[in-house]
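Note: the block below is input.cif and it holds mmCIF, C-alpha atoms and all ligand atoms.
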data_my_file
#
loop_
_atom_site.label_atom_id
_atom_site.label_comp_id
_atom_site.auth_asym_id
_atom_site.auth_seq_id
_atom_site.Cartn_x
_atom_site.Cartn_y
_atom_site.Cartn_z
CA MET A 1 -41.56 -43.77 -77.80
CA VAL A 2 -40.89 -44.42 -74.13
CA ARG A 3 -39.40 -41.36 -72.56
CA LEU A 4 -36.78 -42.14 -69.97
CA GLN A 5 -37.08 -39.98 -66.99
CA THR A 6 -34.35 -39.73 -64.36
CA LEU A 7 -35.82 -39.51 -60.93
CA GLN A 8 -33.80 -38.69 -57.87
CA THR A 9 -35.02 -40.12 -54.57
CA PRO A 10 -36.97 -37.23 -53.02
CA LYS A 11 -36.41 -36.30 -49.39
CA ILE A 12 -39.67 -37.07 -47.60
CA LYS A 13 -41.19 -34.16 -45.70
CA ARG A 14 -44.06 -34.49 -43.23
CA ASN A 15 -45.91 -31.63 -41.55
CA ALA A 16 -46.39 -31.38 -37.79
CA LYS A 17 -49.79 -33.09 -37.90
CA GLU A 18 -48.45 -36.03 -39.92
CA ARG A 19 -45.47 -36.41 -37.57
CA GLU A 20 -47.72 -36.40 -34.51
CA ALA A 21 -49.90 -39.08 -36.10
CA LEU A 22 -46.82 -41.30 -36.59
CA TYR A 23 -45.72 -40.77 -32.99
CA SER A 24 -49.11 -41.47 -31.43
CA GLN A 25 -49.45 -44.63 -33.50
CA VAL A 26 -46.11 -46.09 -32.33
CA ILE A 27 -46.85 -45.08 -28.71
CA GLU A 28 -50.18 -46.91 -28.91
CA MET A 29 -48.47 -49.99 -30.30
CA MET A 30 -45.84 -50.07 -27.52
CA ALA A 31 -48.60 -50.14 -24.90
CA ILE A 32 -50.15 -53.34 -26.31
CA PRO A 33 -48.93 -56.39 -24.34
CA GLY A 34 -47.43 -59.07 -26.59
CA GLY A 35 -44.59 -61.30 -25.55
CA SER A 36 -43.40 -64.11 -27.81
CA GLY A 37 -46.33 -66.38 -28.72
CA GLN A 38 -48.84 -63.76 -27.52
CA GLU A 39 -49.01 -61.58 -30.58
CA ALA A 40 -52.79 -61.75 -31.21
CA GLY A 41 -53.45 -58.27 -29.75
CA ILE A 42 -50.78 -56.42 -31.68
CA ALA A 43 -51.57 -58.38 -34.86
CA GLU A 44 -55.22 -57.34 -34.58
CA TYR A 45 -54.19 -53.70 -34.11
CA ILE A 46 -52.11 -53.88 -37.30
CA ARG A 47 -54.81 -55.71 -39.26
CA SER A 48 -57.57 -53.29 -38.30
CA SER A 49 -55.33 -50.28 -39.02
CA LEU A 50 -54.67 -51.63 -42.52
CA LEU A 51 -58.38 -52.24 -43.10
CA ALA A 52 -59.25 -48.75 -41.86
CA ALA A 53 -56.76 -47.30 -44.35
CA GLY A 54 -58.48 -49.14 -47.20
CA ALA A 55 -56.59 -52.43 -47.47
CA GLU A 56 -58.54 -55.31 -48.99
CA ALA A 57 -59.29 -57.95 -46.38
CA ALA A 58 -58.27 -60.77 -48.76
CA ALA A 59 -54.78 -59.30 -49.13
CA ILE A 60 -54.13 -59.71 -45.38
CA ARG A 61 -53.21 -63.24 -44.35
CA PHE A 62 -51.82 -65.12 -41.36
CA ASP A 63 -49.53 -68.09 -41.95
CA SER A 64 -49.31 -71.12 -39.66
CA ALA A 65 -45.75 -70.61 -38.36
CA HIS A 66 -47.05 -70.62 -34.76
CA ARG A 67 -47.93 -74.32 -35.11
CA ARG A 68 -44.34 -75.22 -36.00
CA THR A 69 -42.55 -73.01 -33.48
CA ARG A 70 -41.12 -74.32 -30.20
CA ILE A 71 -43.80 -72.57 -28.16
CA LYS A 72 -47.39 -72.76 -29.29
CA GLY A 73 -48.33 -69.23 -30.28
CA GLU A 74 -51.67 -67.43 -30.61
CA VAL A 75 -51.14 -66.39 -34.22
CA GLY A 76 -48.75 -66.89 -37.14
CA ASN A 77 -46.90 -64.26 -39.12
CA LEU A 78 -49.10 -61.46 -40.49
CA ILE A 79 -48.63 -60.88 -44.22
CA TYR A 80 -50.05 -58.07 -46.32
CA ARG A 81 -49.47 -57.90 -50.06
CA MET A 82 -49.96 -54.97 -52.41
CA SER A 83 -49.88 -55.36 -56.19
CA GLY A 84 -47.48 -53.00 -57.93
CA THR A 85 -48.75 -49.76 -59.44
CA LEU A 86 -45.49 -48.63 -61.07
CA PRO A 87 -44.92 -48.99 -64.80
CA ARG A 88 -42.51 -51.87 -65.52
CA ALA A 89 -39.94 -49.67 -67.22
CA GLY A 90 -39.44 -46.12 -68.25
CA THR A 91 -38.20 -44.49 -65.10
CA THR A 92 -34.66 -44.73 -63.90
CA GLY A 93 -33.96 -44.41 -60.21
CA VAL A 94 -37.15 -46.32 -59.40
CA SER A 95 -37.49 -50.08 -59.48
CA ALA A 96 -40.63 -52.01 -60.32
CA ALA A 97 -39.12 -55.18 -58.79
CA HIS A 98 -40.97 -56.80 -55.87
CA ARG A 99 -39.77 -55.65 -52.44
CA MET A 100 -40.45 -57.00 -48.95
CA LEU A 101 -40.59 -54.98 -45.72
CA SER A 102 -40.66 -56.74 -42.36
CA ALA A 103 -40.44 -56.39 -38.57
CA HIS A 104 -41.17 -58.64 -35.59
CA MET A 105 -44.23 -58.10 -33.39
CA ASP A 106 -43.18 -59.78 -30.13
CA THR A 107 -41.39 -58.04 -27.27
CA VAL A 108 -39.17 -59.48 -24.54
CA PRO A 109 -41.12 -60.32 -21.32
CA ILE A 110 -39.80 -57.27 -19.44
CA CYS A 111 -41.76 -55.00 -21.83
CA VAL A 112 -45.16 -56.61 -21.23
CA GLY A 113 -47.27 -54.02 -19.41
CA SER A 114 -45.27 -51.08 -20.73
CA ARG A 115 -46.80 -47.64 -20.19
CA PRO A 116 -44.98 -45.40 -22.65
CA GLN A 117 -44.43 -41.79 -21.61
CA ARG A 118 -43.25 -39.10 -23.97
CA LYS A 119 -40.96 -36.26 -22.95
CA GLY A 120 -40.17 -34.07 -25.92
CA GLN A 121 -38.58 -36.28 -28.56
CA LYS A 122 -37.92 -39.20 -26.22
CA VAL A 123 -40.24 -42.02 -25.17
CA THR A 124 -39.50 -44.24 -22.16
CA SER A 125 -41.49 -46.55 -19.91
CA LEU A 126 -43.33 -44.88 -17.04
CA ASP A 127 -42.75 -47.79 -14.63
CA SER A 128 -39.19 -48.40 -13.51
CA HIS A 129 -39.72 -52.18 -13.71
CA THR A 130 -40.88 -52.47 -17.35
CA GLY A 131 -39.06 -51.89 -20.59
CA LEU A 132 -40.66 -49.79 -23.35
CA GLY A 133 -41.13 -52.37 -26.12
CA ALA A 134 -39.83 -50.08 -28.87
CA ASP A 135 -37.97 -53.30 -29.81
CA ASN A 136 -39.82 -54.01 -31.87
CA ARG A 137 -43.08 -52.08 -31.99
CA ALA A 138 -41.14 -49.23 -33.59
CA GLY A 139 -40.22 -51.64 -36.41
CA CYS A 140 -43.90 -52.65 -36.70
CA GLY A 141 -44.80 -48.94 -36.80
CA VAL A 142 -42.31 -48.15 -39.57
CA ILE A 143 -43.80 -50.70 -41.95
CA LEU A 144 -47.43 -50.20 -40.87
CA SER A 145 -47.22 -46.42 -41.35
CA THR A 146 -45.59 -47.04 -44.74
CA ALA A 147 -48.42 -49.30 -45.92
CA ILE A 148 -51.05 -46.84 -44.63
CA GLU A 149 -49.37 -43.91 -46.34
CA LEU A 150 -49.31 -45.73 -49.69
CA LEU A 151 -52.98 -46.67 -49.33
CA LYS A 152 -54.20 -43.24 -48.24
CA GLN A 153 -52.16 -41.15 -50.68
CA GLY A 154 -52.39 -43.59 -53.57
CA LEU A 155 -48.62 -43.31 -54.12
CA PRO A 156 -47.19 -45.43 -56.95
CA HIS A 157 -45.13 -48.39 -55.76
CA PRO A 158 -43.67 -51.73 -56.92
CA PRO A 159 -45.28 -55.03 -55.78
CA LEU A 160 -44.85 -55.13 -52.01
CA THR A 161 -45.00 -57.72 -49.26
CA PHE A 162 -45.26 -56.55 -45.67
CA VAL A 163 -44.54 -59.16 -43.01
CA TRP A 164 -44.96 -58.82 -39.26
CA PHE A 165 -43.15 -61.81 -37.77
CA VAL A 166 -44.00 -63.58 -34.52
CA GLN A 167 -41.57 -65.07 -31.96
CA GLU A 168 -38.30 -63.39 -32.96
CA GLU A 169 -37.12 -62.96 -29.39
CA VAL A 170 -37.21 -66.71 -28.68
CA GLY A 171 -34.79 -67.73 -31.42
CA LEU A 172 -36.09 -66.30 -34.73
CA GLN A 173 -38.93 -68.82 -34.76
CA GLY A 174 -41.46 -66.83 -36.82
CA SER A 175 -39.08 -66.06 -39.68
CA ARG A 176 -37.68 -69.59 -39.54
CA PHE A 177 -41.05 -71.31 -39.91
CA ALA A 178 -42.70 -68.72 -42.18
CA THR A 179 -44.81 -69.94 -45.10
CA THR A 180 -42.66 -68.21 -47.68
CA SER A 181 -45.02 -69.01 -50.58
CA LEU A 182 -47.36 -66.37 -49.11
CA PHE A 183 -44.63 -63.73 -49.65
CA GLY A 184 -44.90 -63.99 -53.44
CA LYS A 185 -41.49 -63.59 -55.03
CA PRO A 186 -39.77 -60.56 -53.53
CA ARG A 187 -36.21 -60.06 -54.81
CA VAL A 188 -35.01 -57.94 -51.91
CA ALA A 189 -36.05 -57.50 -48.28
CA PHE A 190 -35.66 -54.83 -45.62
CA ASN A 191 -36.17 -55.70 -41.97
CA TRP A 192 -36.60 -53.14 -39.20
CA ASP A 193 -35.44 -54.00 -35.69
CA GLY A 194 -33.46 -52.35 -32.88
CA GLY A 195 -30.77 -49.72 -33.41
CA GLN A 196 -30.07 -46.64 -35.46
CA PRO A 197 -31.96 -45.96 -38.71
CA ALA A 198 -28.79 -45.42 -40.74
CA LYS A 199 -27.12 -48.62 -39.54
CA MET A 200 -27.40 -51.36 -42.14
CA THR A 201 -26.78 -54.83 -40.75
CA ILE A 202 -25.65 -56.79 -43.79
CA GLY A 203 -24.53 -60.00 -42.12
CA ALA A 204 -24.78 -62.03 -38.93
CA THR A 205 -23.16 -65.03 -37.37
CA GLY A 206 -24.58 -68.55 -37.58
CA GLY A 207 -25.13 -70.75 -34.55
CA TYR A 208 -25.24 -74.50 -33.99
CA ARG A 209 -26.17 -76.27 -30.77
CA MET A 210 -25.30 -79.80 -29.71
CA VAL A 211 -26.54 -82.15 -27.03
CA ILE A 212 -24.05 -84.89 -26.16
CA ASP A 213 -24.99 -87.92 -24.06
CA VAL A 214 -21.99 -89.86 -22.78
CA SER A 215 -22.64 -93.33 -21.37
CA GLY A 216 -20.14 -95.45 -19.45
CA ILE A 217 -20.48 -98.48 -17.17
CA ALA A 218 -21.40 -98.11 -13.51
CA ALA A 219 -19.37 -99.98 -10.87
CA HIS A 220 -18.59 -99.69 -7.17
CA ALA A 221 -15.96 -96.99 -6.92
CA GLY A 222 -14.29 -98.57 -3.87
CA VAL A 223 -14.74 -102.30 -4.44
CA CYS A 224 -14.21 -102.68 -8.20
CA PRO A 225 -13.63 -99.35 -10.00
CA GLU A 226 -11.60 -101.25 -12.65
CA ARG A 227 -14.89 -102.78 -13.87
CA GLY A 228 -16.44 -99.38 -14.52
CA VAL A 229 -16.14 -96.94 -17.38
CA SER A 230 -16.46 -93.37 -16.15
CA ALA A 231 -18.60 -91.10 -18.31
CA ILE A 232 -17.11 -88.15 -16.44
CA ALA A 233 -13.60 -89.27 -17.44
CA ILE A 234 -14.72 -89.57 -21.09
CA ALA A 235 -16.19 -86.06 -21.11
CA ALA A 236 -13.12 -84.67 -19.34
CA VAL A 237 -10.75 -86.24 -21.88
CA ALA A 238 -12.83 -84.87 -24.78
CA ILE A 239 -13.02 -81.33 -23.37
CA ALA A 240 -9.29 -81.33 -22.52
CA ASP A 241 -8.57 -82.44 -26.10
CA LEU A 242 -10.66 -79.56 -27.53
CA GLN A 243 -8.99 -77.08 -25.18
CA ALA A 244 -5.45 -78.32 -25.93
CA ASN A 245 -5.98 -78.23 -29.68
CA GLY A 246 -7.56 -74.80 -29.89
CA TRP A 247 -11.12 -75.89 -30.62
CA HIS A 248 -12.68 -74.52 -27.43
CA GLY A 249 -13.48 -70.87 -26.68
CA SER A 250 -12.21 -68.36 -29.21
CA ILE A 251 -11.06 -70.36 -32.23
CA CYS A 252 -8.58 -69.03 -34.72
CA LYS A 253 -7.12 -71.28 -37.42
CA GLY A 254 -5.22 -69.28 -40.01
CA LYS A 255 -7.64 -66.63 -41.26
CA ARG A 256 -10.71 -68.51 -40.07
CA ARG A 257 -12.45 -67.51 -36.85
CA GLY A 258 -15.19 -68.95 -34.73
CA THR A 259 -16.18 -69.81 -31.19
CA SER A 260 -17.27 -72.87 -29.28
CA ASN A 261 -18.41 -73.37 -25.74
CA VAL A 262 -19.13 -76.34 -23.52
CA GLY A 263 -21.84 -74.53 -21.62
CA VAL A 264 -23.56 -77.29 -19.64
CA ILE A 265 -22.21 -80.45 -18.05
CA ARG A 266 -24.29 -82.59 -15.74
CA GLY A 267 -23.78 -86.05 -14.33
CA GLY A 268 -23.13 -88.21 -11.30
CA GLU A 269 -25.00 -88.89 -8.08
CA ALA A 270 -22.45 -90.17 -5.59
CA THR A 271 -18.71 -90.53 -5.05
CA ASN A 272 -18.93 -94.28 -4.44
CA VAL A 273 -20.22 -95.03 -7.94
CA VAL A 274 -18.31 -94.86 -11.22
CA THR A 275 -20.60 -92.43 -13.07
CA ASP A 276 -22.20 -93.97 -16.13
CA GLN A 277 -24.12 -90.98 -17.54
CA VAL A 278 -23.02 -87.45 -18.40
CA PHE A 279 -25.02 -84.89 -20.31
CA VAL A 280 -23.14 -82.10 -22.11
CA ARG A 281 -24.40 -79.12 -24.13
CA VAL A 282 -22.12 -77.34 -26.54
CA GLU A 283 -22.48 -74.53 -29.08
CA ALA A 284 -20.40 -73.53 -32.10
CA ARG A 285 -20.52 -70.27 -34.05
CA SER A 286 -18.80 -68.73 -37.02
CA HIS A 287 -19.58 -66.16 -39.71
CA ASN A 288 -18.07 -68.71 -42.09
CA ARG A 289 -20.40 -71.64 -42.72
CA PRO A 290 -17.77 -74.30 -43.68
CA PHE A 291 -15.65 -73.31 -40.70
CA ARG A 292 -18.61 -73.64 -38.32
CA GLU A 293 -19.21 -77.11 -39.75
CA ARG A 294 -15.52 -77.89 -39.17
CA ILE A 295 -15.78 -76.80 -35.52
CA VAL A 296 -18.80 -79.09 -35.08
CA GLN A 297 -16.83 -81.99 -36.62
CA GLU A 298 -13.86 -81.38 -34.31
CA ILE A 299 -16.16 -81.48 -31.28
CA GLU A 300 -17.72 -84.74 -32.49
CA LYS A 301 -14.29 -86.27 -33.19
CA ALA A 302 -12.95 -85.28 -29.76
CA PHE A 303 -15.82 -87.07 -28.01
CA LYS A 304 -15.50 -90.16 -30.25
CA ARG A 305 -11.74 -90.34 -29.59
CA ALA A 306 -12.28 -89.91 -25.86
CA VAL A 307 -14.75 -92.82 -25.78
CA LYS A 308 -12.05 -95.15 -27.15
CA GLN A 309 -9.47 -94.00 -24.61
CA VAL A 310 -11.40 -94.80 -21.45
CA LYS A 311 -11.59 -98.60 -20.96
CA ASN A 312 -12.29 -100.91 -18.07
CA GLU A 313 -10.18 -104.02 -17.24
CA GLN A 314 -12.14 -106.13 -19.71
CA GLY A 315 -11.41 -103.62 -22.47
CA GLN A 316 -15.00 -102.40 -22.59
CA ILE A 317 -15.70 -98.81 -23.60
CA GLY A 318 -18.62 -96.42 -23.27
CA THR A 319 -20.72 -94.80 -25.98
CA VAL A 320 -21.48 -91.29 -27.05
CA SER A 321 -24.60 -89.99 -28.78
CA ILE A 322 -24.46 -86.57 -30.37
CA LYS A 323 -27.46 -84.60 -31.59
CA GLY A 324 -27.16 -81.16 -33.09
CA HIS A 325 -29.31 -78.57 -34.73
CA LEU A 326 -28.73 -75.38 -36.61
CA ASP A 327 -30.15 -72.40 -34.75
CA TYR A 328 -29.65 -70.09 -37.73
CA GLU A 329 -27.31 -69.92 -40.69
CA SER A 330 -24.75 -67.15 -40.97
CA PHE A 331 -24.87 -64.75 -43.89
CA CYS A 332 -22.93 -61.82 -45.20
CA LEU A 333 -24.20 -59.72 -48.09
CA LYS A 334 -21.80 -58.13 -50.54
CA PRO A 335 -21.81 -54.32 -50.64
CA THR A 336 -22.90 -54.66 -54.29
CA GLU A 337 -26.01 -56.70 -53.37
CA PRO A 338 -29.12 -54.79 -54.66
CA CYS A 339 -30.80 -54.55 -51.23
CA VAL A 340 -27.63 -53.04 -49.74
CA LYS A 341 -27.32 -50.51 -52.59
CA ILE A 342 -31.01 -49.55 -52.26
CA ALA A 343 -30.78 -49.06 -48.48
CA GLU A 344 -27.58 -47.08 -48.81
CA SER A 345 -28.95 -44.75 -51.46
CA VAL A 346 -32.28 -44.18 -49.69
CA ILE A 347 -30.58 -43.49 -46.32
CA CYS A 348 -28.41 -40.84 -48.03
CA ALA A 349 -31.43 -39.30 -49.77
CA GLN A 350 -33.22 -38.97 -46.42
CA GLY A 351 -30.27 -36.99 -45.09
CA ALA A 352 -28.33 -39.58 -43.05
CA THR A 353 -25.00 -41.37 -43.43
CA PRO A 354 -25.24 -45.14 -43.89
CA ILE A 355 -22.98 -47.40 -41.83
CA SER A 356 -22.58 -51.16 -42.47
CA ALA A 357 -22.42 -53.62 -39.61
CA ILE A 358 -22.24 -57.36 -38.97
CA ALA A 359 -24.17 -58.79 -36.01
CA ASP A 360 -22.69 -61.35 -33.62
CA GLY A 361 -26.10 -62.77 -32.81
CA GLY A 362 -28.93 -64.00 -35.04
CA VAL A 363 -31.54 -61.67 -36.54
CA ASP A 364 -34.68 -62.42 -38.61
CA ALA A 365 -32.59 -61.53 -41.67
CA ASN A 366 -30.60 -64.76 -41.13
CA TRP A 367 -33.70 -66.78 -41.94
CA ILE A 368 -35.18 -64.49 -44.61
CA THR A 369 -31.85 -64.56 -46.45
CA GLU A 370 -31.68 -68.33 -45.96
CA HIS A 371 -35.16 -68.55 -47.56
CA GLY A 372 -33.62 -66.95 -50.66
CA ILE A 373 -34.43 -63.25 -50.19
CA PRO A 374 -31.30 -61.17 -49.39
CA THR A 375 -32.18 -58.95 -46.44
CA VAL A 376 -30.74 -55.77 -44.95
CA SER A 377 -31.70 -54.93 -41.35
CA LEU A 378 -32.25 -51.33 -40.28
CA GLY A 379 -32.99 -49.73 -36.92
CA CYS A 380 -35.74 -47.34 -35.81
CA GLY A 381 -34.05 -45.24 -33.11
CA GLN A 382 -34.38 -47.62 -30.15
CA ALA A 383 -31.72 -47.58 -27.41
CA ASN A 384 -31.03 -49.91 -24.44
CA VAL A 385 -33.28 -52.64 -25.85
CA HIS A 386 -34.23 -55.52 -23.50
CA MET A 387 -33.65 -53.20 -20.50
CA VAL A 388 -35.97 -51.17 -18.26
CA THR A 389 -34.12 -48.06 -19.47
CA GLU A 390 -35.14 -48.71 -23.09
CA SER A 391 -36.02 -45.57 -25.04
CA LEU A 392 -37.20 -44.46 -28.46
CA ASP A 393 -35.89 -41.30 -30.09
CA LEU A 394 -38.78 -39.88 -32.12
CA ALA A 395 -36.56 -37.89 -34.49
CA GLN A 396 -34.75 -41.12 -35.35
CA TYR A 397 -38.06 -42.96 -35.63
CA LEU A 398 -39.28 -40.35 -38.12
CA LEU A 399 -36.12 -40.89 -40.16
CA ALA A 400 -36.74 -44.67 -40.13
CA CYS A 401 -40.35 -44.09 -41.34
CA ASN A 402 -39.07 -41.86 -44.15
CA ILE A 403 -36.50 -44.50 -45.17
CA GLY A 404 -39.25 -47.16 -45.13
CA LEU A 405 -41.68 -45.09 -47.21
CA SER A 406 -38.99 -44.24 -49.72
CA ILE A 407 -37.94 -47.91 -50.10
CA ALA A 408 -41.59 -48.96 -50.50
CA GLN A 409 -42.04 -46.47 -53.36
CA GLY A 410 -39.30 -48.23 -55.30
CA PHE A 411 -36.65 -45.57 -54.83
CA GLY A 412 -32.94 -46.22 -54.51
CA ALA A 413 -32.63 -48.39 -57.59
ZN ZN A 501 -35.90 -57.08 -31.80
#

Represent the supplied structure as structure tokens.
Amino acid sequence: MVRLQTLQTPKIKRNAKEREALYSQVIEMMAIPGGSGQEAGIAEYIRSSLLAAGAEAAAIRFDSAHRRTRIKGEVGNLIYRMSGTLPRAGTTGVSAAHRMLSAHMDTVPICVGSRPQRKGQKVTSLDSHTGLGADNRAGCGVILSTAIELLKQGLPHPPLTFVWFVQEEVGLQGSRFATTSLFGKPRVAFNWDGGQPAKMTIGATGGYRMVIDVSGIAAHAGVCPERGVSAIAIAAVAIADLQANGWHGSICKGKRRGTSNVGVIRGGEATNVVTDQVFVRVEARSHNRPFRERIVQEIEKAFKRAVKQVKNEQGQIGTVSIKGHLDYESFCLKPTEPCVKIAESVICAQGATPISAIADGGVDANWITEHGIPTVSLGCGQANVHMVTESLDLAQYLLACNIGLSIAQGFGA
């Protein structure tokens, strides 16, 4: 007979020596230079730390994301898989389902050359002109220390995939182009990035960018302007149309919300020529996918209508070519989604109060969720990220490590 055992998520306790080891590890990682595309150094640090803790070399892989990203990177995403050691059933409160833990390795350029200095429980950069790089070496530290702890202590755990992504700071490129077959089949994912450990980001906006080329017909502006078709006039008519009909800036149609912005407009060389080329760049965002698609359609329609309205004396019109691409898809997890429930319960068990949030920018979780693995993002105690005043609160970092270790052991189910 299988005896069912009810297991409450234990509060993780670490002695002073163990805490110091966590802190010195993250401080070492913050000092390793590694902007986007230059992650070889930090990846090697992580790989050798895993090997030193007893990881099998064959279980550590790099994918080839860096060959598909916009900038050519040194390495791809670093993936480490551990087979599960938990019994499939028999214990409630623990799940034997496959979990994924992730964080990005790159830092913003201002953090390259960081010299971390610790004062009590706070770490900042020694130089006033560099940021710390806790975004996101603290995230890397949370999941690395978790893997090491499992290996060294032989703690039981479900099947796990650890992923250290490249090129997050340049538009979520590593997570976007990840070779997801190397992840195995995790059902839930937890991603550590900037912010507070108890803050669960369960959704984020989606973004779409468009490049619009407007072509008209050039003519002498003084001698025969009636023979020209002004590309500037076409673009102006289109933008005025969007503005007048509420499709530019903050967009609110009934209950649906979004934004759009004509951010770049370039064209023309001289006042004595009817301008025949204008280049426009526009973006559209919404937490609601169909509504973002609608905003994009309205922008396209406005430019197509404008083209027909601007004619020369022979009735000729210009042309418009529109190219767009999705930067990242929006997502919003339900509070009942398993990864949200797990994060919530583990955060409580580690003595903190969970808070849910929705991000107005993209995060790696946009792409991981889009790849089919619902993802909650958690912070590690970083503040003022992307600034020279960036800091890491070590008490908060410890809490993030405890949350990570607890999740990796299958707790919170
Ligand atoms: Zn980050």

Expressed in Å to a single decimal, how great is the separation between atom CA of A:Pro156 and atom CA of A:Ser406?
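Taking atom CA of A:Pro156 as the start and atom CA of A:Ser406 as the end point, the length is 11.0 Å.
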
- Query: For A:Ser345, which residue out of A:Ala238, A:Met29, A:Ile403, A:Leu378 is the nearest one, using all atoms listed in the file?
  - Reply: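 Looking at the shortest contact to A:Ser345, the residue is A:Ile403.
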
Using all atoms listed in the file, I'd like a table of the residues in stretch 308-408 of chain A that come within 9 Å of stretch 124-141 of chain A; for each, show the closest atom pair and its distance in Å rounded to one decimal, ordered by chain and ascending number, as a Markdown table.
| residue | atom | partner | partner_atom | distance |
| --- | --- | --- | --- | --- |
| A:Leu378 | CA | A:Gly139 | CA | 8.9 |
| A:Gly379 | CA | A:Gly139 | CA | 7.5 |
| A:Cys380 | CA | A:Ala138 | CA | 6.1 |
| A:Gly381 | CA | A:Ala138 | CA | 8.1 |
| A:Gln382 | CA | A:Ala134 | CA | 6.1 |
| A:Ala383 | CA | A:Ala134 | CA | 8.6 |
| A:Val385 | CA | A:Asp135 | CA | 6.2 |
| A:His386 | CA | A:Gly131 | CA | 6.7 |
| A:Met387 | CA | A:Gly131 | CA | 5.6 |
| A:Val388 | CA | A:Gly131 | CA | 3.9 |
| A:Thr389 | CA | A:Gly131 | CA | 6.4 |
| A:Glu390 | CA | A:Leu132 | CA | 5.6 |
| A:Ser391 | CA | A:Thr124 | CA | 4.7 |
| A:Leu392 | CA | A:Ala134 | CA | 6.2 |
| A:Tyr397 | CA | A:Ala138 | CA | 7.3 |
| A:Ala400 | CA | A:Gly139 | CA | 8.6 |
| A:Cys401 | CA | A:Gly141 | CA | 8.0 |

> Using only C-alpha atoms and all ligand atoms, what are the residues with an atom within 8 Å of ligand ZN 501 (chain A), set out as number ranges by chain?
Replying inline: A: 104, 106-107, 135-136, 168-169, 193-194, 363, 385

Go ahead and save the picked residues with C-alpha atoms, as a compact mmCIF listing (two decimals), in the frame of the given file.
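Saved the output as out_37.txt:
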# COMPACT_ATOMS: atom_id res chain seq x y z
CA HIS A 104 -41.17 -58.64 -35.59
CA ASP A 106 -43.18 -59.78 -30.13
CA THR A 107 -41.39 -58.04 -27.27
CA ASP A 135 -37.97 -53.30 -29.81
CA ASN A 136 -39.82 -54.01 -31.87
CA GLU A 168 -38.30 -63.39 -32.96
CA GLU A 169 -37.12 -62.96 -29.39
CA ASP A 193 -35.44 -54.00 -35.69
CA GLY A 194 -33.46 -52.35 -32.88
CA VAL A 363 -31.54 -61.67 -36.54
CA VAL A 385 -33.28 -52.64 -25.85

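Take the candidates A:Thr353, A:Gln153, A:Gln309, A:Gln314 and check each one against A:Asp241 using all atoms listed in the file; the shortest distance goes to A:Gln309.
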
Out of A:Ile46, A:Cys252, A:Ile347, A:Val26, which residue has the shortest atom-to-atom distance to A:Ala198 when counting all atoms listed in the file?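 Of A:Ile46, A:Cys252, A:Ile347, A:Val26, the one nearest A:Ala198 is A:Ile347, counting all atoms listed in the file.
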
Problem set entry | Spatial neighbours of stretch 59-76 of chain A, max dist 9 Å, only C-alpha atoms, sep filter under 2 positions, as number ranges by chain | A: 36-40, 43, 47, 50-51, 55-57, 78-82, 165-167, 170, 173-180, 182

- [ ] Would you list the residues near (-45.7, -51.7, -25.0) (no more than 7 Å away, in the coordinates of the file, using only C-alpha atoms) as a ChimeraX atom specification?
- [x] /A:29-33,111-116,132-133

- Extract, using all atoms listed in the file, all DNA, RNA and protein residues at most 12 Å from A:Phe331, discarding same-chain residues fewer than 6 positions from it, and format them as a PyMOL selection string. chain A and resi 201-207+286-290+358-376

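One distance worth recording is that between atom CA of A:Arg285 and atom CA of A:Leu333, which is 17.9 Å.
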
Practice prompt. Choose the residue, out of A:Ala408, A:Val123, A:Ala189, A:Ala270, that has the smallest atom-to-atom separation from A:Thr9; count only C-alpha atoms.
Written response: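 Smallest separation from A:Thr9 among the options: A:Ala408.
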
Counting all atoms listed in the file, which residue out of A:Lys11, A:Ser215, A:Glu20, A:Glu298 sits closest to A:Asn245?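 For A:Asn245, the nearest of the given residues is A:Glu298.
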
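Take the candidates A:Ala236, A:Met100, A:Ile217, A:Leu144 and check each one against A:Leu160 using only C-alpha atoms; the shortest distance goes to A:Met100.
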
d(atom CA of A:Pro158, atom CA of A:Gly84) in Å:
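Computing the Euclidean distance for atom CA of A:Pro158 and atom CA of A:Gly84 yields 4.1 Å.
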
Review point. What's the 6 Å shell around stretch 300-307 of chain A, counting all atoms listed in the file, without same-chain residues fewer than 5 positions away, as a ChimeraX atom specification?
Key: /A:234,237-238,318

Which residues come within 9 Å of A:Val264, counting all atoms listed in the file, excluding same-chain residues fewer than 6 positions away, as number ranges by chain? A: 279-282

Can you sort out stretch 46-50 of chain A so it carries N, CA and C atoms, written as a PDB file, in the frame of the given file?
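Output contents, as saved in part12.pdb:
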ATOM      1  N   ILE A  46     -52.693 -54.128 -35.972  1.00  0.00           N
ATOM      2  CA  ILE A  46     -52.110 -53.880 -37.300  1.00  0.00           C
ATOM      3  C   ILE A  46     -53.142 -54.169 -38.386  1.00  0.00           C
ATOM      4  N   ARG A  47     -53.824 -55.315 -38.253  1.00  0.00           N
ATOM      5  CA  ARG A  47     -54.810 -55.710 -39.260  1.00  0.00           C
ATOM      6  C   ARG A  47     -55.935 -54.675 -39.367  1.00  0.00           C
ATOM      7  N   SER A  48     -56.451 -54.242 -38.221  1.00  0.00           N
ATOM      8  CA  SER A  48     -57.570 -53.290 -38.300  1.00  0.00           C
ATOM      9  C   SER A  48     -57.088 -51.923 -38.794  1.00  0.00           C
ATOM     10  N   SER A  49     -55.837 -51.562 -38.499  1.00  0.00           N
ATOM     11  CA  SER A  49     -55.330 -50.280 -39.020  1.00  0.00           C
ATOM     12  C   SER A  49     -55.206 -50.330 -40.536  1.00  0.00           C
ATOM     13  N   LEU A  50     -54.776 -51.483 -41.064  1.00  0.00           N
ATOM     14  CA  LEU A  50     -54.670 -51.630 -42.520  1.00  0.00           C
ATOM     15  C   LEU A  50     -56.052 -51.553 -43.164  1.00  0.00           C
TER      16      LEU A  50
END
